[in-house]
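File shown: model_3.txt (compact mmCIF, C-alpha atoms and all ligand atoms).
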```txt
# COMPACT_ATOMS: atom_id res chain seq x y z
CA MET A 256 22.20 -14.00 -18.62
CA ALA A 257 21.98 -13.13 -14.89
CA SER A 258 20.94 -16.36 -13.22
CA LEU A 259 20.81 -17.71 -9.72
CA THR A 260 19.34 -20.57 -7.77
CA LEU A 261 17.26 -20.26 -4.64
CA ALA A 262 18.00 -23.65 -3.15
CA ASN A 263 16.00 -25.76 -0.72
CA VAL A 264 12.70 -23.97 -0.07
CA CYS A 265 9.21 -25.37 0.52
CA PRO A 266 6.72 -23.67 -1.84
CA TRP A 267 3.36 -23.32 -0.09
CA GLY A 268 4.69 -25.86 2.44
CA ALA A 269 5.22 -28.61 -0.15
CA ALA A 270 8.32 -30.80 -0.50
CA PRO A 271 11.61 -28.88 -0.81
CA VAL A 272 12.59 -27.55 -4.23
CA ASP A 273 15.28 -25.49 -5.89
CA VAL A 274 13.98 -22.42 -7.73
CA LEU A 275 15.97 -21.47 -10.83
CA ILE A 276 15.89 -17.81 -11.75
CA ALA A 277 17.04 -16.11 -14.93
CA ASP A 278 16.82 -12.38 -15.63
CA GLY A 279 14.53 -11.81 -12.69
CA THR A 280 12.05 -14.49 -13.73
CA ILE A 281 11.52 -18.01 -12.40
CA SER A 282 12.76 -20.29 -15.17
CA ASP A 283 12.26 -23.67 -13.51
CA VAL A 284 11.35 -25.36 -10.22
CA VAL A 285 13.02 -28.70 -9.57
CA ALA A 286 13.30 -31.14 -6.66
CA ALA A 287 15.73 -29.88 -4.01
CA GLY A 288 19.30 -30.96 -4.56
CA THR A 289 18.88 -31.56 -8.29
CA ALA A 290 19.68 -28.07 -9.61
CA ASP A 291 23.14 -27.13 -10.82
CA THR A 292 24.40 -25.02 -7.92
CA SER A 293 27.79 -24.14 -9.37
CA GLY A 294 26.57 -20.60 -10.14
CA VAL A 295 25.19 -18.02 -7.74
CA THR A 296 23.13 -19.82 -5.10
CA VAL A 297 21.07 -18.48 -2.22
CA ASP A 298 20.46 -21.08 0.49
CA GLY A 299 16.79 -21.17 1.43
CA GLY A 300 17.45 -23.35 4.48
CA GLY A 301 14.30 -25.45 3.98
CA LEU A 302 12.07 -22.47 4.88
CA LEU A 303 8.46 -22.01 3.81
CA ALA A 304 8.30 -20.09 0.50
CA LEU A 305 5.37 -17.97 -0.64
CA PRO A 306 5.02 -15.78 -3.71
CA GLY A 307 5.54 -12.06 -3.00
CA PHE A 308 2.44 -10.50 -1.51
CA ILE A 309 0.25 -8.26 -3.64
CA ASN A 310 -1.36 -5.28 -1.97
CA ALA A 311 -4.38 -4.70 -4.21
CA HIS A 312 -5.59 -1.54 -2.46
CA ALA A 313 -3.13 0.93 -0.98
CA HIS A 314 -2.62 4.69 -0.67
CA VAL A 315 1.16 5.06 -0.64
CA ASP A 316 1.02 8.81 -1.32
CA LYS A 317 -0.66 9.92 1.89
CA SER A 318 1.13 8.31 4.83
CA TRP A 319 3.20 9.98 7.55
CA TRP A 320 5.17 6.73 7.96
CA GLY A 321 8.68 7.56 9.14
CA GLN A 322 7.62 10.84 10.73
CA PRO A 323 6.91 11.46 14.44
CA TRP A 324 3.48 10.31 15.61
CA VAL A 325 0.55 12.38 14.33
CA SER A 326 -2.47 12.39 16.63
CA TYR A 327 -5.74 11.91 14.78
CA GLY A 328 -7.74 15.14 14.70
CA GLY A 329 -10.58 14.88 12.19
CA GLU A 330 -14.29 14.18 12.39
CA PRO A 331 -15.00 10.44 12.26
CA THR A 332 -17.07 10.55 9.05
CA THR A 333 -15.82 10.01 5.50
CA GLN A 334 -16.39 13.67 4.67
CA GLY A 335 -14.76 14.71 7.96
CA ARG A 336 -11.65 12.73 7.14
CA ILE A 337 -11.48 14.09 3.59
CA ALA A 338 -11.67 17.66 4.86
CA HIS A 339 -9.17 17.02 7.65
CA GLU A 340 -6.65 15.54 5.25
CA ARG A 341 -6.91 18.45 2.82
CA ALA A 342 -6.48 20.95 5.67
CA GLU A 343 -3.46 19.25 7.27
CA ARG A 344 -1.48 17.43 4.59
CA ASP A 345 0.88 20.29 3.70
CA LYS A 346 2.04 20.44 7.31
CA TYR A 347 3.40 16.89 6.96
CA GLY A 348 4.76 17.30 3.44
CA ILE A 349 2.14 14.99 1.91
CA PRO A 350 2.63 13.88 -0.80
CA SER A 351 6.42 13.51 -0.95
CA ILE A 352 8.87 11.12 -2.58
CA ASP A 353 10.42 10.34 0.81
CA GLY A 354 7.03 9.60 2.34
CA ALA A 355 5.93 7.29 -0.47
CA THR A 356 9.34 5.60 -0.47
CA ALA A 357 9.05 4.96 3.27
CA VAL A 358 5.72 3.20 2.73
CA LEU A 359 7.01 1.12 -0.18
CA ARG A 360 10.05 0.07 1.86
CA GLU A 361 7.76 -1.04 4.66
CA PHE A 362 5.73 -3.06 2.16
CA LEU A 363 8.94 -4.66 0.92
CA ARG A 364 10.11 -5.47 4.44
CA HIS A 365 6.92 -7.49 4.91
CA GLY A 366 7.26 -9.22 1.54
CA THR A 367 4.91 -7.16 -0.63
CA THR A 368 6.45 -6.85 -4.07
CA ALA A 369 3.56 -5.40 -6.08
CA THR A 370 0.78 -2.97 -5.26
CA ARG A 371 -2.11 -1.20 -6.84
CA THR A 372 -2.16 2.19 -5.17
CA HIS A 373 -4.73 4.91 -5.33
CA VAL A 374 -3.10 8.34 -5.55
CA ASP A 375 -5.00 11.50 -4.70
CA VAL A 376 -5.81 13.69 -7.67
CA ASP A 377 -7.58 16.89 -6.70
CA LEU A 378 -7.72 20.61 -7.32
CA GLY A 379 -5.02 21.19 -4.68
CA THR A 380 -2.32 18.72 -5.74
CA GLY A 381 -3.34 18.18 -9.37
CA LEU A 382 -1.34 15.23 -10.72
CA ARG A 383 1.70 15.88 -8.49
CA GLY A 384 0.94 12.86 -6.33
CA ILE A 385 1.22 10.50 -9.29
CA ASP A 386 4.64 11.86 -10.26
CA THR A 387 5.69 11.54 -6.61
CA VAL A 388 4.68 7.88 -6.36
CA ARG A 389 6.35 7.06 -9.67
CA ALA A 390 9.56 8.68 -8.42
CA ALA A 391 9.37 6.68 -5.18
CA ALA A 392 8.92 3.41 -7.09
CA ALA A 393 11.90 4.34 -9.28
CA ALA A 394 13.99 5.16 -6.19
CA LEU A 395 13.55 1.51 -5.17
CA ASP A 396 14.56 0.44 -8.65
CA GLY A 397 11.20 -1.20 -9.30
CA ALA A 398 11.55 -3.70 -6.42
CA VAL A 399 7.88 -3.02 -5.67
CA GLU A 400 5.89 -2.90 -8.90
CA VAL A 401 3.39 -0.07 -8.63
CA GLU A 402 0.15 0.22 -10.56
CA ILE A 403 -1.55 3.58 -10.21
CA VAL A 404 -5.19 4.55 -9.81
CA ALA A 405 -5.81 8.29 -10.22
CA PHE A 406 -8.07 8.78 -7.22
CA PRO A 407 -10.49 11.72 -6.80
CA GLN A 408 -10.53 11.55 -3.00
CA ASP A 409 -12.25 14.92 -2.65
CA GLY A 410 -15.12 14.12 -5.00
CA VAL A 411 -15.65 14.31 -8.74
CA VAL A 412 -18.59 16.34 -10.01
CA ARG A 413 -18.85 18.40 -6.84
CA ARG A 414 -15.34 19.70 -7.69
CA PRO A 415 -15.44 21.11 -11.23
CA GLY A 416 -12.11 20.41 -12.93
CA VAL A 417 -11.52 17.00 -11.35
CA LEU A 418 -12.90 15.03 -14.32
CA GLU A 419 -10.41 16.86 -16.54
CA LEU A 420 -7.60 15.92 -14.14
CA LEU A 421 -8.66 12.27 -14.27
CA ASP A 422 -8.69 12.47 -18.04
CA GLN A 423 -5.17 13.91 -18.03
CA ALA A 424 -4.00 11.22 -15.63
CA ALA A 425 -5.41 8.52 -17.91
CA ALA A 426 -3.72 10.11 -20.91
CA ALA A 427 -0.45 10.20 -18.96
CA GLY A 428 -0.42 6.49 -18.21
CA ALA A 429 -2.49 5.84 -15.09
CA SER A 430 -3.89 2.38 -15.74
CA ASN A 431 -7.06 3.09 -13.78
CA ILE A 432 -9.12 6.02 -12.69
CA GLY A 433 -10.89 5.99 -9.36
CA GLY A 434 -14.12 7.28 -7.96
CA ILE A 435 -15.67 7.69 -4.55
CA ASP A 436 -19.16 7.22 -3.17
CA PRO A 437 -21.02 8.74 -6.13
CA ALA A 438 -24.13 9.16 -3.96
CA SER A 439 -22.94 10.26 -0.55
CA ILE A 440 -19.90 12.34 -1.58
CA ASP A 441 -20.99 13.81 -4.92
CA ARG A 442 -24.70 13.43 -4.19
CA ASP A 443 -25.12 12.82 -7.90
CA PRO A 444 -24.29 9.17 -8.62
CA VAL A 445 -25.34 9.18 -12.28
CA ALA A 446 -23.21 12.21 -13.09
CA GLN A 447 -20.08 10.84 -11.37
CA LEU A 448 -20.37 7.40 -12.93
CA ASP A 449 -21.20 8.70 -16.41
CA GLY A 450 -18.15 10.97 -16.19
CA LEU A 451 -15.82 8.16 -15.09
CA PHE A 452 -17.07 5.64 -17.64
CA GLU A 453 -16.84 8.16 -20.47
CA ILE A 454 -13.14 8.67 -19.72
CA ALA A 455 -12.48 4.94 -19.23
CA GLU A 456 -14.08 4.04 -22.53
CA ARG A 457 -12.37 6.80 -24.49
CA ARG A 458 -8.91 6.33 -22.95
CA GLY A 459 -9.00 2.55 -22.61
CA VAL A 460 -8.31 2.54 -18.86
CA GLY A 461 -9.96 0.67 -16.02
CA ILE A 462 -12.07 1.98 -13.16
CA ASP A 463 -11.40 1.21 -9.48
CA ILE A 464 -14.03 2.89 -7.36
CA HIS A 465 -14.29 3.33 -3.58
CA LEU A 466 -17.78 2.48 -2.43
CA HIS A 467 -18.34 2.85 1.30
CA ASP A 468 -22.09 3.45 1.14
CA GLY A 469 -23.94 0.60 2.84
CA GLY A 470 -27.26 -1.19 2.38
CA GLU A 471 -29.59 -0.34 -0.47
CA LEU A 472 -27.81 2.93 -1.23
CA GLY A 473 -24.63 0.96 -1.90
CA ALA A 474 -26.54 -1.72 -3.84
CA PHE A 475 -28.16 0.93 -6.05
CA GLN A 476 -24.74 2.29 -6.99
CA MET A 477 -23.49 -1.23 -7.72
CA GLU A 478 -26.37 -1.61 -10.16
CA LEU A 479 -25.41 1.67 -11.84
CA ILE A 480 -21.81 0.44 -12.10
CA ILE A 481 -22.88 -2.95 -13.49
CA ASP A 482 -25.07 -1.30 -16.17
CA ARG A 483 -22.29 1.02 -17.28
CA THR A 484 -19.66 -1.73 -17.27
CA ARG A 485 -21.86 -3.79 -19.56
CA ARG A 486 -22.66 -0.89 -21.89
CA ALA A 487 -19.06 0.33 -22.11
CA GLY A 488 -17.74 -3.19 -22.74
CA LEU A 489 -15.40 -2.89 -19.78
CA HIS A 490 -15.62 -6.57 -18.83
CA GLY A 491 -12.78 -7.36 -16.44
CA ARG A 492 -11.69 -3.71 -16.18
CA VAL A 493 -13.81 -2.48 -13.27
CA THR A 494 -13.10 -2.93 -9.55
CA ILE A 495 -15.21 -2.05 -6.56
CA ALA A 496 -13.20 -1.29 -3.42
CA HIS A 497 -14.78 -2.00 -0.02
CA GLY A 498 -18.36 -2.37 -1.29
CA PHE A 499 -19.54 -2.94 2.27
CA ALA A 500 -23.15 -3.07 1.11
CA LEU A 501 -22.65 -6.45 -0.54
CA GLY A 502 -22.19 -8.14 2.82
CA GLU A 503 -25.18 -6.36 4.34
CA LEU A 504 -27.92 -7.27 1.86
CA PRO A 505 -30.54 -9.97 2.34
CA ALA A 506 -29.55 -13.27 0.72
CA HIS A 507 -31.81 -13.04 -2.34
CA ARG A 508 -30.71 -9.49 -3.13
CA GLN A 509 -27.07 -10.44 -2.63
CA ALA A 510 -27.42 -13.42 -4.97
CA GLU A 511 -28.95 -11.27 -7.74
CA LEU A 512 -26.11 -8.78 -7.54
CA LEU A 513 -23.45 -11.49 -7.39
CA ASP A 514 -24.80 -13.04 -10.59
CA GLU A 515 -24.57 -9.72 -12.39
CA LEU A 516 -21.18 -8.80 -10.95
CA GLY A 517 -19.82 -12.14 -12.13
CA GLU A 518 -21.41 -11.73 -15.55
CA VAL A 519 -19.75 -8.38 -16.26
CA GLY A 520 -16.43 -9.36 -14.64
CA ILE A 521 -16.33 -6.77 -11.90
CA SER A 522 -13.59 -7.51 -9.36
CA TRP A 523 -13.47 -6.64 -5.69
CA THR A 524 -10.93 -5.50 -3.13
CA THR A 525 -11.35 -5.48 0.61
CA VAL A 526 -9.23 -4.53 3.58
CA ALA A 527 -11.46 -6.73 5.79
CA PRO A 528 -12.02 -4.07 8.43
CA ALA A 529 -13.51 -5.10 11.74
CA PRO A 530 -16.29 -4.41 12.29
CA SER A 531 -17.81 -4.86 8.84
CA ALA A 532 -20.23 -7.38 7.41
CA PRO A 533 -18.41 -10.48 6.10
CA LEU A 534 -18.32 -10.68 2.31
CA PRO A 535 -19.97 -13.67 0.56
CA TRP A 536 -16.48 -14.70 -0.52
CA ARG A 537 -17.33 -18.33 -1.26
CA ASP A 538 -20.19 -17.25 -3.55
CA MET A 539 -17.84 -14.74 -5.17
CA ARG A 540 -15.37 -17.54 -5.84
CA GLU A 541 -18.05 -19.67 -7.43
CA ARG A 542 -18.92 -16.85 -9.80
CA GLU A 543 -15.25 -16.14 -10.52
CA ILE A 544 -15.46 -12.64 -9.05
CA THR A 545 -11.80 -11.81 -8.40
CA LEU A 546 -11.16 -10.78 -4.81
CA GLY A 547 -7.97 -9.02 -3.72
CA LEU A 548 -6.80 -7.83 -0.32
CA GLY A 549 -5.22 -4.51 0.52
CA THR A 550 -3.97 -2.46 3.42
CA ASP A 551 -5.75 0.75 2.44
CA GLY A 552 -3.91 3.78 3.86
CA ILE A 553 -1.49 3.19 6.72
CA ARG A 554 -0.59 5.83 9.30
CA ASP A 555 -2.25 8.69 7.53
CA LEU A 556 -4.52 11.61 8.29
CA TRP A 557 -7.50 9.22 8.12
CA SER A 558 -6.31 6.78 10.72
CA PRO A 559 -3.17 5.90 12.69
CA TYR A 560 -3.67 2.16 12.10
CA GLY A 561 -1.88 -0.21 9.74
CA ASP A 562 1.65 -1.48 9.35
CA GLY A 563 1.62 -2.53 5.69
CA ASP A 564 1.84 -6.28 6.40
CA MET A 565 -0.41 -8.20 4.02
CA LEU A 566 -0.22 -11.32 6.20
CA GLY A 567 -1.87 -9.23 8.90
CA ILE A 568 -4.66 -8.28 6.47
CA ALA A 569 -5.09 -11.92 5.43
CA LEU A 570 -5.34 -12.86 9.11
CA ARG A 571 -7.99 -10.20 9.67
CA PHE A 572 -9.88 -11.50 6.64
CA ALA A 573 -9.69 -15.03 8.06
CA GLN A 574 -10.96 -13.90 11.46
CA LEU A 575 -13.76 -11.72 10.05
CA HIS A 576 -14.97 -14.63 7.93
CA ARG A 577 -14.46 -17.18 10.73
CA LEU A 578 -12.11 -19.39 8.75
CA ARG A 579 -10.90 -22.47 10.61
CA THR A 580 -9.70 -25.22 8.29
CA ASP A 581 -6.16 -25.40 6.90
CA GLU A 582 -7.62 -25.22 3.41
CA ASP A 583 -9.49 -21.99 4.13
CA LEU A 584 -6.58 -20.42 6.01
CA THR A 585 -4.35 -21.17 3.02
CA ARG A 586 -6.97 -19.58 0.76
CA ALA A 587 -6.76 -16.39 2.82
CA VAL A 588 -3.00 -16.26 2.20
CA ARG A 589 -3.57 -16.90 -1.50
CA LEU A 590 -5.90 -13.89 -1.61
CA ALA A 591 -2.99 -11.78 -0.36
CA SER A 592 -0.59 -13.11 -2.98
CA THR A 593 -1.54 -15.01 -6.14
CA GLY A 594 -5.17 -13.87 -5.83
CA GLY A 595 -4.13 -10.23 -6.25
CA GLY A 596 -2.25 -10.83 -9.49
CA GLY A 597 -5.03 -9.53 -11.70
CA PHE A 598 -4.85 -6.13 -9.97
CA VAL A 599 -1.24 -5.60 -11.03
CA HIS A 600 -1.25 -7.14 -14.50
CA ARG A 601 -0.01 -10.52 -13.29
CA PRO A 602 -2.92 -12.82 -14.09
CA ALA A 603 -1.01 -16.07 -13.48
CA PHE A 604 1.35 -15.11 -10.68
CA ASP A 605 2.75 -17.90 -8.45
CA LEU A 606 5.96 -19.72 -7.58
CA ALA A 607 6.12 -21.13 -11.06
CA PRO A 608 8.10 -20.78 -14.30
CA GLY A 609 7.36 -17.55 -16.11
CA ALA A 610 6.49 -15.53 -13.00
CA ARG A 611 8.61 -12.64 -11.78
CA ALA A 612 10.92 -14.08 -9.09
CA ASP A 613 9.16 -12.45 -6.13
CA ILE A 614 9.55 -14.85 -3.22
CA VAL A 615 9.10 -14.57 0.53
CA LEU A 616 10.73 -17.01 2.96
CA LEU A 617 9.33 -17.52 6.45
CA ASP A 618 10.25 -19.79 9.33
CA ALA A 619 6.84 -21.45 9.67
CA GLU A 620 5.62 -25.02 9.86
CA ASN A 621 3.11 -24.53 7.06
CA VAL A 622 0.95 -21.83 5.46
CA PRO A 623 -1.73 -21.70 8.21
CA ASP A 624 1.02 -21.37 10.82
CA ALA A 625 2.53 -18.48 8.86
CA LEU A 626 -0.89 -16.80 8.68
CA VAL A 627 -1.74 -16.93 12.37
CA ARG A 628 1.74 -15.98 13.60
CA ALA A 629 2.80 -13.63 10.81
CA PRO A 630 6.47 -14.23 11.67
CA ARG A 631 9.27 -11.92 10.55
CA ARG A 632 10.14 -12.37 6.91
CA ARG A 633 13.49 -14.17 6.76
CA LEU A 634 14.15 -13.26 3.16
CA VAL A 635 12.34 -11.27 0.49
CA MET A 636 13.30 -11.54 -3.16
CA ALA A 637 11.94 -9.13 -5.77
CA GLY A 638 12.64 -9.68 -9.45
CA GLY A 639 15.31 -12.23 -8.54
CA ARG A 640 17.15 -9.87 -6.19
CA VAL A 641 17.35 -10.31 -2.42
CA VAL A 642 15.85 -7.04 -1.15
CA ALA A 643 15.25 -7.82 2.52
CA ARG A 644 16.72 -10.21 5.06
CA ASP A 645 15.63 -10.89 8.63
CA GLY A 646 13.24 -7.96 8.58
CA GLU A 647 15.77 -5.44 7.23
CA VAL A 648 15.42 -3.82 3.80
CA LEU A 649 18.73 -3.97 1.96
CA LEU A 650 18.02 -1.26 -0.64
ZN ZN A 701 -8.87 3.28 -0.06
```
Please re-express this file's structure in structure tokens.
Ligand SMILES: [Zn+2]
Amino acid sequence: MASLTLANVCPWGAAPVDVLIADGTISDVVAAGTADTSGVTVDGGGLLALPGFINAHAHVDKSWWGQPWVSYGGEPTTQGRIAHERAERDKYGIPSIDGATAVLREFLRHGTTATRTHVDVDLGTGLRGIDTVRAAAAALDGAVEVEIVAFPQDGVVRRPGVLELLDQAAAAGASNIGGIDPASIDRDPVAQLDGLFEIAERRGVGIDIHLHDGGELGAFQMELIIDRTRRAGLHGRVTIAHGFALGELPAHRQAELLDELGEVGISWTTVAPAPSAPLPWRDMREREITLGLGTDGIRDLWSPYGDGDMLGIALRFAQLHRLRTDEDLTRAVRLASTGGGGFVHRPAFDLAPGARADIVLLDAENVPDALVRAPRRRLVMAGGRVVARDGEVLL
């Protein structure tokens, strides 16, 4: 049995421990200095240890990371960006295995060891993007676990043939199918949602839908999603990404929706963009609405922003929601790690026995200090293997 000990680390800033690892999984956590260190031992040097970060909303297929700078050239609307991307992506070889690998390596460098990524599925690329991302994940030998959402970026019912592609993707192993602004992109919210839920129910996959539409238009679509989740029995299998409207509604309207979202087990992901309305994250917690953080696309034909660092996203979340106390700042970091477990089939992920040995070491006084400084990752372990040291990926 391949075993090793990560000695002398401070999990979540607590007293130093030794982490015992067997076959890529944490087998035990004991007080520092008490583990048998006669086998393979990695010295943790008393550093702060966090579980690997989980990027619950990414687009690893569409970045120009690793290529020369690409100046942004599209219209600043959602539709403008969609059209711009479709017109320009071939020029930059998007999607490609090298491109997706470059993004995953950058994730790894910053300590992200699992991601749920949307992958464009459309009439131009078909399902090629999914194969590309799978090949990139394999090229890194599974160091970053990748869960795929087949994502109809260019619309669903307005592009005849896309529902069939989503169906094929679900049949071929995508764990989720996506959707996008059923009202403002397809201009036929009932048709898009009925189409998506029919596939999800028949194929036994989840739904992870982008919803940018704000205010009452967004709320109306949430109601349609809630109804269909309930009817299809997809409790715990549906995610709303962004869902900006939730933060914009008057308190009574927000509370009604939160009750229903909690009841049908719809989860949420946010990239905490500034400016956007803060999410009622404490109320979501009370109703056990799972909230994950993600980077969204980084350096792509939508936007030049983003570096793939989940600590940076957690910091932005903390700032947007005006978090101040150590407890709340630590919660923000948890959202970027253990809190995202449900999005990548790791419901009970932490620095604890039974979890995949995905561990990030940082030179920080405590978790809040790590959040506000986002220091270089001193060591990243994925599946019990050291995959990055001092900011350099070793794979
Ligand atoms: Zn997205």
- Minimum-distance residue to Leu303 in chain A, chosen among A:Glu330, A:Glu518, A:Asp618, A:Asp375 (using all atoms listed in the file): A:Asp618
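Excluding Asp562 in chain A and any residue on its chain fewer than 4 positions from it, the residues at most 10 Å away by only C-alpha atoms are Trp320, Val358, Glu361, Phe362, His365, Thr550, Gly552, Ile553, Arg554, Gly567 and Ile568 of chain A.
Taking all atoms listed in the file into account, ligand ZN 701 (chain A) lies nearest to A:His497 out of the set A:Arg457, A:Arg344, A:Arg413, A:His497.
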- Note on the structure: With distances taken over only C-alpha atoms, the candidate from A:Ala390, A:Ile462, A:Ala313, A:Ile435 nearest Thr367 in chain A is A:Ala313
- Message: When you count all atoms listed in the file, which of these residues is closest to ligand ZN 701 (chain A): A:Gly379, A:Gly307, A:Gly498, A:Gly300?
- Response: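 Of the candidates, the smallest distance to ligand ZN 701 (chain A) is held by A:Gly498.
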Please build the interface table for chain A against ligand ZN 701 (chain A) with a cut-off of 12 Å, listing for each qualifying residue the nearest atom pair and the distance in Å to one decimal; count only C-alpha atoms and all ligand atoms, order rows by chain and increasing number, and write it as a Markdown table.
```
| residue | atom | partner | partner_atom | distance |
| --- | --- | --- | --- | --- |
| A:Asn310 | CA | A:ZN701 | ZN | 11.5 |
| A:Ala311 | CA | A:ZN701 | ZN | 10.1 |
| A:His312 | CA | A:ZN701 | ZN | 6.3 |
| A:Ala313 | CA | A:ZN701 | ZN | 6.3 |
| A:His314 | CA | A:ZN701 | ZN | 6.4 |
| A:Val315 | CA | A:ZN701 | ZN | 10.2 |
| A:Asp316 | CA | A:ZN701 | ZN | 11.4 |
| A:Lys317 | CA | A:ZN701 | ZN | 10.7 |
| A:Thr333 | CA | A:ZN701 | ZN | 11.2 |
| A:Ile337 | CA | A:ZN701 | ZN | 11.7 |
| A:Arg371 | CA | A:ZN701 | ZN | 10.6 |
| A:Thr372 | CA | A:ZN701 | ZN | 8.5 |
| A:His373 | CA | A:ZN701 | ZN | 6.9 |
| A:Val374 | CA | A:ZN701 | ZN | 9.4 |
| A:Asp375 | CA | A:ZN701 | ZN | 10.2 |
| A:Val404 | CA | A:ZN701 | ZN | 10.5 |
| A:Ala405 | CA | A:ZN701 | ZN | 11.7 |
| A:Phe406 | CA | A:ZN701 | ZN | 9.1 |
| A:Pro407 | CA | A:ZN701 | ZN | 10.9 |
| A:Gln408 | CA | A:ZN701 | ZN | 8.9 |
| A:Gly433 | CA | A:ZN701 | ZN | 9.9 |
| A:Gly434 | CA | A:ZN701 | ZN | 10.3 |
| A:Ile435 | CA | A:ZN701 | ZN | 9.3 |
| A:Asp436 | CA | A:ZN701 | ZN | 11.4 |
| A:Asp463 | CA | A:ZN701 | ZN | 10.0 |
| A:Ile464 | CA | A:ZN701 | ZN | 8.9 |
| A:His465 | CA | A:ZN701 | ZN | 6.5 |
| A:Leu466 | CA | A:ZN701 | ZN | 9.3 |
| A:His467 | CA | A:ZN701 | ZN | 9.6 |
| A:Ile495 | CA | A:ZN701 | ZN | 10.5 |
| A:Ala496 | CA | A:ZN701 | ZN | 7.1 |
| A:His497 | CA | A:ZN701 | ZN | 7.9 |
| A:Gly498 | CA | A:ZN701 | ZN | 11.1 |
| A:Thr524 | CA | A:ZN701 | ZN | 9.5 |
| A:Thr525 | CA | A:ZN701 | ZN | 9.1 |
| A:Val526 | CA | A:ZN701 | ZN | 8.6 |
| A:Ala527 | CA | A:ZN701 | ZN | 11.9 |
| A:Pro528 | CA | A:ZN701 | ZN | 11.7 |
| A:Leu548 | CA | A:ZN701 | ZN | 11.3 |
| A:Gly549 | CA | A:ZN701 | ZN | 8.6 |
| A:Thr550 | CA | A:ZN701 | ZN | 8.3 |
| A:Asp551 | CA | A:ZN701 | ZN | 4.7 |
| A:Gly552 | CA | A:ZN701 | ZN | 6.3 |
| A:Ile553 | CA | A:ZN701 | ZN | 10.0 |
| A:Asp555 | CA | A:ZN701 | ZN | 11.4 |
| A:Trp557 | CA | A:ZN701 | ZN | 10.2 |
| A:Ser558 | CA | A:ZN701 | ZN | 11.6 |
```
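For Pro444 in chain A, the non-local neighbours within 12 Å, defined as residues at least 6 positions apart in the same chain or in other chains and counting all atoms listed in the file, are Gly410, Val411, Val412, Arg413, Gly434, Ile435, Asp436, Pro437, Ala438, Gly450, Leu451, Leu466, Asp468, Leu472, Gly473, Phe475, Gln476, Met477, Glu478, Leu479 and Ile480 of chain A.
With only C-alpha atoms as the atoms that count, the minimum distance from Thr370 in chain A to the choices A:Arg633, A:Arg640, A:Arg601, A:Arg571 is reached by A:Arg601.
Considering only C-alpha atoms, the residue among A:Pro505, A:Gly488, A:Pro271, A:Pro530 positioned nearest to Gly301 in chain A is A:Pro271.
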